[in-house]
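The structure under discussion appears below in the form of structure tokens.
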Amino acid sequence: MADKKTVKEKGSSLQYVHIAVSIILMFGFGYLPPFSTVTPVGMRLLGIFLGVIYGYSTCDIIWPSLVAIIAFGLSGYPANMAAGVTSMMGSSLVFQVITQYFTAGAIVIYGVGRWFVRKTLSQKVFMGRPLLYTWCFMFVFMWSCIVLETIPMFLLLYGIWNDIADSCDYEKDSTFRYYGFGGILVSLLLGVSMMPYKSWQLGLATSWANVTGVKINLGQMLCCTSIIGTIVITAYVFLGAKLFQVDFSAMKAFDVNKLGEESKILRPRAKRIMAVYFVTVLLSLYAGTFSGTALTNFIEKTLTVSGLFCLCTAILLIIPGGEKDGKPAIIFNDIKHSDAAVSWPVIFMCAVTIPLASALTTEATGILPWLSDVFTPVFAGRSPIFIMILTIVLMVFLTNVGSNIALGNAMIPVISPFILASGVNPMFFGCALVYAANIGIFLPGSSAPASIFHGRSEIPNVKLRNKATMLGIGLHTLVSCVVWTLAFLITN
């Protein structure tokens, strides 16, 4: 008993050390003298970012987020505390995540996950073949993200994977969940940038074309990215199973009849939620594909995607559920009391890390000129193949510590002069840069999907989360270097 008490006291003492380090970084790092082109504001923001990431990794989610909001408001970057709070908690991204959580969470709560598990695991081709099932699950949804909104897809698939784990009686903190969540994160991000025809990926591709004078060929890029995605997912599924030592015996011997009779069909409530939800997704897809139409302009410029999903949730809270109980399709109390529906740690992570990562790459911090000064000499006098490989490695690294679009745009004027001077076709270099800039998953601030992943309560172990993300990053980097280099050599 004495030994257990001593261990507990040591753990408690160490926790206070972690708390102190996190707070000192947030409020004390900015007093260090600035270096190179980095400004005092840049030092303060860098300290806040380091402190909140350290707090997330060693302590908790909620209180480091609250302290970071205070530090951000006092940093001098926003005009005052009110502006700091508004830019974080009042972000349209946060609002969008909350409304999408309501709908995606309701889909799982009302039985869609269990129905999906029964429908798919009962197929003859998957019986006794859990690895094949896992590969198909990730491969199919990778392709779906070419056209579908990623954040609602993440929320929906995490809920479904949890239902698979629960149905097969995997423990709450089992490696099966880390392995699956990590695979979903990697596969969906591989899919969303296969063709940069929308969102920030299009902006980055346009910047590349403006600087180099050569547009990215979407068809040629799709050929390469589909190869990369297929190889990475295949390697993740099989290597990840060994790395995480996943026990598939429960899934292999799973009897779908354990799910009960109610899992055989979709409830009327679930059908109505899915119908409204997918109409919303199709409208967002239309707006991202057909530019210049009246409907597109209304959705993107007036209503916005956040407003569109808010409308979706409002409609589902109004229309009847179809189950003759006098209640709407989404019952708010069901959502309010379910962790599967709304995760406040995820919301706080998105609120804090995304604005911080973006702020770090603004002109006020002086960080981008410093990066340019550091990397420009590295590319000078190098061969095109060296530049290709270094571009991929650097972009993967940078997008995992900061804003992908800001750092991508910062690297274009650094890399492009050396590529143009070599006389080779710069098109595939642009493809490689855009695609590499999308796999920001290691830190919560790397991207919105990364914040959602790291904030999930089902996977609290930081080391296991990092193992999953590092496997995905390593495979993506290695395969991308090989495929993009071969594509460049063949076309040149």
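How things are named: the first chain in the structure tokens is A, the next is B, and so on; residues count from 1 in each chain; ligands count from 1 in the order shown.
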Contact residues around A:Ile441 with only C-alpha atoms at 12 Å, ignoring same-chain residues under 4 positions, as a ChimeraX atom specification = /A:181-190,396-404,436-437,445-454,465-474,476
ask   = Do you know which residues are at most 6 Å from stretch 86-99 of chain A counting only C-alpha atoms, after dropping those on the same chain fewer than 3 positions away, and could you put them as a PyMOL selection string?
value = chain A and resi 83+102+306+310+351-352
Using the selection just defined, write its residues with all heavy atoms as a compact mmCIF listing (two decimals), in the first residue's frame.
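In the end it all went to out.txt:
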```
# COMPACT_ATOMS: atom_id res chain seq x y z
N ALA A 83 -10.83 40.45 -28.95
CA ALA A 83 -10.52 40.03 -30.31
C ALA A 83 -9.89 38.64 -30.34
O ALA A 83 -10.15 37.84 -31.24
CB ALA A 83 -9.58 41.04 -30.96
N PHE A 102 -23.29 17.48 -34.29
CA PHE A 102 -24.68 17.15 -33.98
C PHE A 102 -25.22 16.10 -34.96
O PHE A 102 -25.79 15.09 -34.56
CB PHE A 102 -25.57 18.41 -34.06
CG PHE A 102 -25.45 19.30 -32.87
CD1 PHE A 102 -25.84 20.62 -32.94
CD2 PHE A 102 -24.96 18.82 -31.66
CE1 PHE A 102 -25.76 21.47 -31.84
CE2 PHE A 102 -24.86 19.65 -30.55
CZ PHE A 102 -25.26 20.97 -30.64
N SER A 306 -20.37 26.63 -43.19
CA SER A 306 -20.77 26.56 -41.78
C SER A 306 -22.27 26.79 -41.63
O SER A 306 -22.96 26.06 -40.90
CB SER A 306 -20.00 27.61 -40.97
OG SER A 306 -18.63 27.40 -41.03
N CYS A 310 -25.27 24.27 -40.37
CA CYS A 310 -26.13 24.77 -39.29
C CYS A 310 -27.60 24.62 -39.70
O CYS A 310 -28.44 24.18 -38.89
CB CYS A 310 -25.81 26.24 -39.02
SG CYS A 310 -26.84 26.98 -37.74
N ALA A 351 -10.44 25.15 -31.88
CA ALA A 351 -10.56 26.58 -31.61
C ALA A 351 -9.21 27.23 -31.36
O ALA A 351 -8.97 28.37 -31.77
CB ALA A 351 -11.49 26.80 -30.42
N VAL A 352 -8.31 26.52 -30.68
CA VAL A 352 -7.04 27.11 -30.25
C VAL A 352 -5.92 26.89 -31.26
O VAL A 352 -5.21 27.82 -31.64
CB VAL A 352 -6.63 26.56 -28.87
CG1 VAL A 352 -5.21 26.97 -28.51
CG2 VAL A 352 -7.61 27.05 -27.81
```
ask   = Residues at most 12 Å from stretch 361-364 of chain A, counting only C-alpha atoms, excluding those fewer than 6 positions away in the same chain, as a ChimeraX atom specification?
value = /A:37-46,75-78,354-355,370-372,398-399,401-411
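Those residues that approach A:Trp344 to within 10 Å, counting only C-alpha atoms, are Ile61, Ile62, Ile98, Asp339, Phe348, Met349, Cys350, Gly455, Arg456 and Ser457 of chain A; same-chain residues fewer than 4 positions away are not listed.
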Take the residues that were just selected and, keeping N, CA, C and O atoms, output them as a compact mmCIF listing (two decimals), in the first residue's frame.
```txt
# COMPACT_ATOMS: atom_id res chain seq x y z
N ILE A 61 -6.76 18.63 -22.09
CA ILE A 61 -7.12 19.41 -23.27
C ILE A 61 -7.76 20.74 -22.88
O ILE A 61 -7.40 21.79 -23.40
N ILE A 62 -8.71 20.69 -21.96
CA ILE A 62 -9.55 21.86 -21.71
C ILE A 62 -8.77 23.01 -21.07
O ILE A 62 -8.77 24.14 -21.59
N ILE A 98 -19.10 22.07 -34.52
CA ILE A 98 -20.18 21.80 -33.56
C ILE A 98 -21.44 21.32 -34.30
O ILE A 98 -22.05 20.31 -33.92
N ASP A 339 -21.17 11.29 -25.61
CA ASP A 339 -19.81 11.66 -26.03
C ASP A 339 -19.61 11.42 -27.52
O ASP A 339 -18.74 12.02 -28.14
N PHE A 348 -12.35 22.47 -28.51
CA PHE A 348 -11.35 23.39 -27.96
C PHE A 348 -10.02 23.28 -28.70
O PHE A 348 -9.34 24.29 -28.92
N MET A 349 -9.64 22.07 -29.09
CA MET A 349 -8.39 21.91 -29.86
C MET A 349 -8.47 22.67 -31.18
O MET A 349 -7.53 23.36 -31.57
N CYS A 350 -9.58 22.49 -31.89
CA CYS A 350 -9.76 23.20 -33.16
C CYS A 350 -9.76 24.71 -32.95
O CYS A 350 -9.16 25.46 -33.72
N GLY A 455 -8.04 14.90 -30.24
CA GLY A 455 -8.95 15.24 -29.16
C GLY A 455 -9.96 14.16 -28.82
O GLY A 455 -10.73 14.31 -27.88
N ARG A 456 -9.95 13.04 -29.57
CA ARG A 456 -10.93 11.99 -29.32
C ARG A 456 -10.67 11.30 -27.99
O ARG A 456 -9.56 10.86 -27.70
N SER A 457 -11.72 11.18 -27.17
CA SER A 457 -11.58 10.58 -25.84
C SER A 457 -11.33 9.07 -25.91
O SER A 457 -10.82 8.48 -24.96
```
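One distance worth recording is that between atom CA of A:Ser383 and atom CA of A:Ala421, which is 10.6 Å.
Remark: for A:Trp63, the closest of the candidate residues A:Pro196, A:Asn297, A:Pro345, A:Val232 is A:Pro345 (distances computed over only C-alpha atoms).
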Residues of stretch 131-343 of chain A in alpha helix (DSSP H), written as a PDB file with C-alpha atoms, in the first residue's frame:
```pdb
ATOM      1  CA  LEU A 131      -7.517  -7.194 -42.849  1.00  0.00           C
ATOM      2  CA  LEU A 132      -9.335  -7.224 -46.193  1.00  0.00           C
ATOM      3  CA  TYR A 133     -12.315  -5.540 -44.541  1.00  0.00           C
ATOM      4  CA  THR A 134     -10.081  -2.867 -42.971  1.00  0.00           C
ATOM      5  CA  TRP A 135      -8.303  -2.218 -46.273  1.00  0.00           C
ATOM      6  CA  CYS A 136     -11.572  -1.882 -48.204  1.00  0.00           C
ATOM      7  CA  PHE A 137     -13.007   0.375 -45.492  1.00  0.00           C
ATOM      8  CA  MET A 138     -10.081   2.801 -45.765  1.00  0.00           C
ATOM      9  CA  PHE A 139      -9.613   2.523 -49.530  1.00  0.00           C
ATOM     10  CA  VAL A 140     -13.249   3.245 -50.382  1.00  0.00           C
ATOM     11  CA  PHE A 141     -13.503   6.234 -48.061  1.00  0.00           C
ATOM     12  CA  MET A 142     -10.169   7.606 -49.336  1.00  0.00           C
ATOM     13  CA  TRP A 143     -11.748   7.913 -52.792  1.00  0.00           C
ATOM     14  CA  SER A 144     -14.944   9.364 -51.367  1.00  0.00           C
ATOM     15  CA  THR A 150     -13.740  15.784 -44.850  1.00  0.00           C
ATOM     16  CA  ILE A 151     -14.705  16.962 -41.351  1.00  0.00           C
ATOM     17  CA  PRO A 152     -18.184  15.356 -41.340  1.00  0.00           C
ATOM     18  CA  MET A 153     -16.638  12.225 -42.895  1.00  0.00           C
ATOM     19  CA  PHE A 154     -14.065  12.050 -40.091  1.00  0.00           C
ATOM     20  CA  LEU A 155     -16.724  12.405 -37.412  1.00  0.00           C
ATOM     21  CA  LEU A 156     -18.958   9.812 -39.044  1.00  0.00           C
ATOM     22  CA  LEU A 157     -16.225   7.203 -39.655  1.00  0.00           C
ATOM     23  CA  TYR A 158     -14.738   7.556 -36.168  1.00  0.00           C
ATOM     24  CA  GLY A 159     -18.203   6.830 -34.788  1.00  0.00           C
ATOM     25  CA  ILE A 160     -18.613   3.812 -37.061  1.00  0.00           C
ATOM     26  CA  TRP A 161     -15.163   2.439 -36.166  1.00  0.00           C
ATOM     27  CA  ASN A 162     -16.089   2.783 -32.502  1.00  0.00           C
ATOM     28  CA  ASP A 163     -19.255   0.795 -33.196  1.00  0.00           C
ATOM     29  CA  ILE A 164     -17.157  -1.906 -34.862  1.00  0.00           C
ATOM     30  CA  ALA A 165     -14.846  -2.000 -31.837  1.00  0.00           C
ATOM     31  CA  ASP A 166     -17.727  -2.034 -29.346  1.00  0.00           C
ATOM     32  CA  SER A 167     -19.613  -4.710 -31.280  1.00  0.00           C
ATOM     33  CA  THR A 175      -4.755  -0.839 -29.995  1.00  0.00           C
ATOM     34  CA  PHE A 176      -7.547  -1.747 -32.429  1.00  0.00           C
ATOM     35  CA  ARG A 177      -9.031   1.724 -31.929  1.00  0.00           C
ATOM     36  CA  TYR A 178      -5.711   3.583 -32.351  1.00  0.00           C
ATOM     37  CA  TYR A 179      -4.892   1.546 -35.446  1.00  0.00           C
ATOM     38  CA  GLY A 180      -8.303   2.203 -37.000  1.00  0.00           C
ATOM     39  CA  PHE A 181      -8.548   5.881 -36.078  1.00  0.00           C
ATOM     40  CA  GLY A 182      -5.036   6.503 -37.422  1.00  0.00           C
ATOM     41  CA  GLY A 183      -5.886   4.702 -40.660  1.00  0.00           C
ATOM     42  CA  ILE A 184      -9.043   6.770 -41.121  1.00  0.00           C
ATOM     43  CA  LEU A 185      -7.060   9.982 -40.537  1.00  0.00           C
ATOM     44  CA  VAL A 186      -4.386   9.049 -43.076  1.00  0.00           C
ATOM     45  CA  SER A 187      -6.712   7.638 -45.736  1.00  0.00           C
ATOM     46  CA  LEU A 188      -9.140  10.573 -45.769  1.00  0.00           C
ATOM     47  CA  LEU A 189      -6.336  13.130 -45.989  1.00  0.00           C
ATOM     48  CA  LEU A 190      -4.744  11.148 -48.801  1.00  0.00           C
ATOM     49  CA  GLY A 191      -8.063  11.339 -50.620  1.00  0.00           C
ATOM     50  CA  VAL A 192      -8.893  14.998 -50.145  1.00  0.00           C
ATOM     51  CA  SER A 199     -10.537  24.689 -51.072  1.00  0.00           C
ATOM     52  CA  TRP A 200      -6.999  25.681 -49.979  1.00  0.00           C
ATOM     53  CA  GLN A 201      -5.458  22.988 -52.198  1.00  0.00           C
ATOM     54  CA  LEU A 202      -6.763  24.868 -55.241  1.00  0.00           C
ATOM     55  CA  GLY A 203      -5.318  28.090 -53.810  1.00  0.00           C
ATOM     56  CA  LEU A 204      -1.909  26.475 -53.431  1.00  0.00           C
ATOM     57  CA  ALA A 205      -2.045  24.998 -56.955  1.00  0.00           C
ATOM     58  CA  THR A 206      -3.026  28.418 -58.331  1.00  0.00           C
ATOM     59  CA  SER A 207      -0.100  30.077 -56.524  1.00  0.00           C
ATOM     60  CA  TRP A 208       2.253  27.520 -58.069  1.00  0.00           C
ATOM     61  CA  ALA A 209       0.864  28.219 -61.566  1.00  0.00           C
ATOM     62  CA  ASN A 210       1.160  31.994 -61.075  1.00  0.00           C
ATOM     63  CA  VAL A 211       4.803  31.779 -60.003  1.00  0.00           C
ATOM     64  CA  THR A 212       6.028  29.125 -62.471  1.00  0.00           C
ATOM     65  CA  LEU A 218      -5.258  17.316 -62.591  1.00  0.00           C
ATOM     66  CA  GLY A 219      -5.435  14.087 -64.603  1.00  0.00           C
ATOM     67  CA  GLN A 220      -1.709  13.380 -64.357  1.00  0.00           C
ATOM     68  CA  MET A 221      -1.726  14.294 -60.682  1.00  0.00           C
ATOM     69  CA  LEU A 222      -4.671  11.946 -60.040  1.00  0.00           C
ATOM     70  CA  CYS A 223      -2.777   9.075 -61.688  1.00  0.00           C
ATOM     71  CA  CYS A 224       0.158   9.590 -59.308  1.00  0.00           C
ATOM     72  CA  THR A 225      -1.831  10.313 -56.158  1.00  0.00           C
ATOM     73  CA  SER A 226      -4.069   7.271 -56.668  1.00  0.00           C
ATOM     74  CA  ILE A 227      -0.940   5.096 -56.837  1.00  0.00           C
ATOM     75  CA  ILE A 228       0.527   6.776 -53.738  1.00  0.00           C
ATOM     76  CA  GLY A 229      -2.732   6.491 -51.804  1.00  0.00           C
ATOM     77  CA  THR A 230      -3.241   2.824 -52.662  1.00  0.00           C
ATOM     78  CA  ILE A 231       0.319   1.872 -51.679  1.00  0.00           C
ATOM     79  CA  VAL A 232       0.248   3.897 -48.442  1.00  0.00           C
ATOM     80  CA  ILE A 233      -3.127   2.511 -47.312  1.00  0.00           C
ATOM     81  CA  THR A 234      -2.084  -1.052 -48.134  1.00  0.00           C
ATOM     82  CA  ALA A 235       1.192  -0.655 -46.241  1.00  0.00           C
ATOM     83  CA  TYR A 236      -0.559   1.025 -43.291  1.00  0.00           C
ATOM     84  CA  VAL A 237      -3.167  -1.739 -42.970  1.00  0.00           C
ATOM     85  CA  PHE A 238      -0.647  -4.589 -42.958  1.00  0.00           C
ATOM     86  CA  LEU A 239       2.348  -2.934 -41.249  1.00  0.00           C
ATOM     87  CA  GLY A 240       0.113  -1.128 -38.765  1.00  0.00           C
ATOM     88  CA  ALA A 241      -1.523  -4.396 -37.732  1.00  0.00           C
ATOM     89  CA  LYS A 242       1.909  -5.741 -36.801  1.00  0.00           C
ATOM     90  CA  LEU A 243       3.190  -2.508 -35.288  1.00  0.00           C
ATOM     91  CA  SER A 249      -9.472 -12.772 -33.555  1.00  0.00           C
ATOM     92  CA  ALA A 250     -12.550 -11.064 -32.069  1.00  0.00           C
ATOM     93  CA  MET A 251     -13.387  -9.395 -35.375  1.00  0.00           C
ATOM     94  CA  LYS A 252     -12.622 -12.570 -37.321  1.00  0.00           C
ATOM     95  CA  PRO A 268     -37.051   5.889 -39.675  1.00  0.00           C
ATOM     96  CA  ARG A 269     -35.301   8.544 -37.579  1.00  0.00           C
ATOM     97  CA  ALA A 270     -31.870   7.438 -38.876  1.00  0.00           C
ATOM     98  CA  LYS A 271     -33.105   7.406 -42.495  1.00  0.00           C
ATOM     99  CA  ARG A 272     -34.369  10.982 -42.251  1.00  0.00           C
ATOM    100  CA  ILE A 273     -31.149  12.192 -40.652  1.00  0.00           C
ATOM    101  CA  MET A 274     -29.050  10.510 -43.348  1.00  0.00           C
ATOM    102  CA  ALA A 275     -31.245  11.915 -46.127  1.00  0.00           C
ATOM    103  CA  VAL A 276     -30.979  15.521 -44.942  1.00  0.00           C
ATOM    104  CA  TYR A 277     -27.290  15.073 -44.108  1.00  0.00           C
ATOM    105  CA  PHE A 278     -26.345  13.776 -47.542  1.00  0.00           C
ATOM    106  CA  VAL A 279     -28.376  16.444 -49.334  1.00  0.00           C
ATOM    107  CA  THR A 280     -26.304  18.952 -47.347  1.00  0.00           C
ATOM    108  CA  VAL A 281     -23.089  17.186 -48.344  1.00  0.00           C
ATOM    109  CA  LEU A 282     -24.168  17.170 -52.012  1.00  0.00           C
ATOM    110  CA  LEU A 283     -24.901  20.910 -51.865  1.00  0.00           C
ATOM    111  CA  SER A 284     -21.444  21.580 -50.421  1.00  0.00           C
ATOM    112  CA  LEU A 285     -19.992  19.337 -53.148  1.00  0.00           C
ATOM    113  CA  TYR A 286     -21.883  21.267 -55.827  1.00  0.00           C
ATOM    114  CA  ALA A 287     -20.589  24.572 -54.487  1.00  0.00           C
ATOM    115  CA  GLY A 288     -17.015  23.265 -54.494  1.00  0.00           C
ATOM    116  CA  THR A 289     -17.254  21.941 -58.056  1.00  0.00           C
ATOM    117  CA  ALA A 294     -26.040  31.549 -58.464  1.00  0.00           C
ATOM    118  CA  LEU A 295     -26.397  28.630 -56.037  1.00  0.00           C
ATOM    119  CA  THR A 296     -22.631  28.335 -55.603  1.00  0.00           C
ATOM    120  CA  ASN A 297     -22.246  32.046 -54.947  1.00  0.00           C
ATOM    121  CA  THR A 304     -21.092  29.636 -46.174  1.00  0.00           C
ATOM    122  CA  VAL A 305     -20.461  25.939 -45.531  1.00  0.00           C
ATOM    123  CA  SER A 306     -20.767  26.562 -41.779  1.00  0.00           C
ATOM    124  CA  GLY A 307     -24.205  28.075 -42.282  1.00  0.00           C
ATOM    125  CA  LEU A 308     -25.190  25.213 -44.577  1.00  0.00           C
ATOM    126  CA  PHE A 309     -24.484  22.580 -41.923  1.00  0.00           C
ATOM    127  CA  CYS A 310     -26.133  24.772 -39.294  1.00  0.00           C
ATOM    128  CA  LEU A 311     -29.262  24.791 -41.460  1.00  0.00           C
ATOM    129  CA  CYS A 312     -29.009  21.005 -41.784  1.00  0.00           C
ATOM    130  CA  THR A 313     -28.947  20.605 -37.996  1.00  0.00           C
ATOM    131  CA  ALA A 314     -31.799  23.085 -37.488  1.00  0.00           C
ATOM    132  CA  ILE A 315     -34.000  21.244 -40.000  1.00  0.00           C
ATOM    133  CA  LEU A 316     -33.335  17.907 -38.273  1.00  0.00           C
ATOM    134  CA  PHE A 332     -31.297  17.400 -28.493  1.00  0.00           C
ATOM    135  CA  ASN A 333     -31.121  15.678 -25.100  1.00  0.00           C
ATOM    136  CA  ASP A 334     -29.865  12.505 -26.801  1.00  0.00           C
ATOM    137  CA  ILE A 335     -27.049  14.514 -28.371  1.00  0.00           C
ATOM    138  CA  LYS A 336     -26.308  16.496 -25.218  1.00  0.00           C
TER     139      LYS A 336
END
```
remark   = Counting only C-alpha atoms, the residue among A:Asn461, A:Thr485, A:Gln123, A:Ser65 that lies closest to A:Met26 is A:Ser65
request  = Could you please determine the separation between atom CA of A:Tyr110 and atom CA of A:Leu266 in Å, to one decimal place?
outcome  =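 Atom CA of A:Leu266 lies 8.6 Å from atom CA of A:Tyr110.
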